[in-house]
Amino acid sequence: MTKLREIYYCPICGNVIEVFNEGASALVCCNQKMQKLEAKKEDSTLEKHVPYVEATPGGILVKVGQNQAHPMMEEHYIKFIEVHTKTMVLKAELNPGDEPRAEFPVKKEDVVKVREWCNIHGLWEA
């Protein structure tokens with residue numbers, strides 16, 4: 001059974017969906033069951049994926065790659081950065097060529113989790 005905010009991926013066509021209404025026993029795309037993405041939380045590779053959050057005067061800045069920015073090329077980029085609080089979800093959608101970062105108008109102490117999706121390396125969470 002699907003749960004609120006889970007993210008699923010189709011390995012055939014690349015479709016990515018987020019669940020907004022719980023209940024389906026399985027999600028299907030291209031006549032195949034979609035894969036539920038599990039967020040990774042530790043990155044030991046040279047390319048950094050775990051979102052980094054810092055407070056700003058207007059809220060928070062989320063960067064993908066604390067000391068070295070994640071690539072943002074057509075073939076490898078961050079598709080979205082998402083911030084969860086107890087009462088809302090805020091999302092910034094990114095494109096190749098953008099900076100792998102986004103600002104959100106929430107207090108750092110109100111953030112429950114932050115996640116991002118890399119088109120090659122999947123879902124990451126802090």
# chains A, B, ... in the order shown; residues from 1 in each chain; ligands from 1
>>> residues_around(residues="His76 of chain A", least_positions_apart="3", cutoff="12 Å", atoms="only C-alpha atoms", output="PDB file with C-alpha atoms, in the first residue's frame")
ATOM      1  CA  GLU A  47      29.891  13.801  -6.016  1.00  0.00           C
ATOM      2  CA  HIS A  49      24.248  14.395  -2.844  1.00  0.00           C
ATOM      3  CA  HIS A  70      26.622  18.917  -7.557  1.00  0.00           C
ATOM      4  CA  PRO A  71      26.897  18.850 -11.402  1.00  0.00           C
ATOM      5  CA  MET A  72      23.995  20.456 -13.242  1.00  0.00           C
ATOM      6  CA  MET A  73      24.527  19.165 -16.777  1.00  0.00           C
ATOM      7  CA  LYS A  79      15.633  17.682 -10.533  1.00  0.00           C
ATOM      8  CA  LEU A  94      15.659  22.736 -10.988  1.00  0.00           C
ATOM      9  CA  ASN A  95      16.959  22.406 -14.539  1.00  0.00           C
ATOM     10  CA  PRO A  96      20.354  21.713 -16.084  1.00  0.00           C
ATOM     11  CA  GLY A  97      22.454  24.876 -15.842  1.00  0.00           C
ATOM     12  CA  ASP A  98      20.800  26.047 -12.607  1.00  0.00           C
ATOM     13  CA  PRO A 100      22.040  23.072  -7.219  1.00  0.00           C
ATOM     14  CA  TRP A 117      16.411  13.814  -6.402  1.00  0.00           C
ATOM     15  CA  CYS A 118      19.381  13.341  -8.719  1.00  0.00           C
ATOM     16  CA  ASN A 119      18.385  12.035 -12.139  1.00  0.00           C
ATOM     17  CA  ILE A 120      21.235   9.465 -12.004  1.00  0.00           C
ATOM     18  CA  HIS A 121      21.838   8.684  -8.306  1.00  0.00           C
ATOM     19  CA  GLY A 122      18.285   8.834  -6.986  1.00  0.00           C
TER      20      GLY A 122
END
>>> atom_distance(atom1="atom CA of Lys48 of chain A", atom2="atom CA of Glu99 of chain A")
13.9 Å
>>> closest_atom_pairs(of="segment 49-78 of chain A", to="segment 105-109 of chain A", cutoff="7 Å", atoms="only C-alpha atoms", output="CSV")
residue,atom,partner,partner_atom,distance
A:Ala55,CA,A:Lys108,CA,5.9
A:Gly58,CA,A:Pro105,CA,5.9
A:Gly59,CA,A:Pro105,CA,4.4
A:Ile60,CA,A:Lys108,CA,6.0
>>> residues_around(residues="Leu61 of chain A", least_positions_apart="3", cutoff="9 Å", atoms="only C-alpha atoms", output="list in words")
Tyr52, Val53, Glu54, Ala55, Thr56, Arg101, Ala102, Glu103 and Phe104 of chain A
>>> select_by_dssp(residues="segment 4-117 of chain A", states="strand (DSSP E or B)", output="ChimeraX atom specification")
/A:7-9,16-18,28-29,32-33,35-36,40,51-56,59-64,73,76,78-84,89-93,101-104,113-117
>>> residues_around(residues="segment 32-44 of chain A", least_positions_apart="5", cutoff="8 Å", atoms="only C-alpha atoms", output="list in words")
Glu6, Ile7, Tyr8, Tyr9, Cys10, Pro11, Ala26, Leu27, His49, Val50, Arg115, Gly122, Leu123, Trp124, Glu125 and Ala126 of chain A
>>> write_last_selection(atoms="C-alpha atoms", output="short mmCIF file (atom, residue, chain, number, x, y, z; two decimals), in the first residue's frame")
data_model
loop_
_atom_site.label_atom_id
_atom_site.label_comp_id
_atom_site.auth_asym_id
_atom_site.auth_seq_id
_atom_site.Cartn_x
_atom_site.Cartn_y
_atom_site.Cartn_z
CA GLU A 6 6.61 8.22 -1.04
CA ILE A 7 8.36 8.57 -4.38
CA TYR A 8 8.23 5.92 -7.12
CA TYR A 9 10.33 5.49 -10.26
CA CYS A 10 9.80 3.71 -13.57
CA PRO A 11 13.11 2.25 -14.81
CA ALA A 26 0.87 -0.94 -6.44
CA LEU A 27 1.78 1.75 -8.92
CA HIS A 49 24.25 14.40 -2.84
CA VAL A 50 23.13 14.79 0.77
CA ARG A 115 15.34 15.69 0.26
CA GLY A 122 18.28 8.83 -6.99
CA LEU A 123 16.69 10.18 -3.84
CA TRP A 124 18.71 11.73 -0.98
CA GLU A 125 17.65 13.03 2.42
CA ALA A 126 18.98 15.06 5.33
#
>>> atom_distance(atom1="atom CA of Leu4 of chain A", atom2="atom CA of Asn21 of chain A")
6.1 Å
>>> atom_distance(atom1="atom CA of Glu116 of chain A", atom2="atom CA of Val16 of chain A")
12.6 Å
>>> closest_residue(among="A:Gly23, A:Lys113, A:Gln68, A:Pro57", to="Ile81 of chain A", atoms="only C-alpha atoms")
A:Lys113
>>> closest_residue(among="A:Ala69, A:Cys29, A:Ile78, A:Met88", to="Gly14 of chain A", atoms="only C-alpha atoms")
A:Cys29
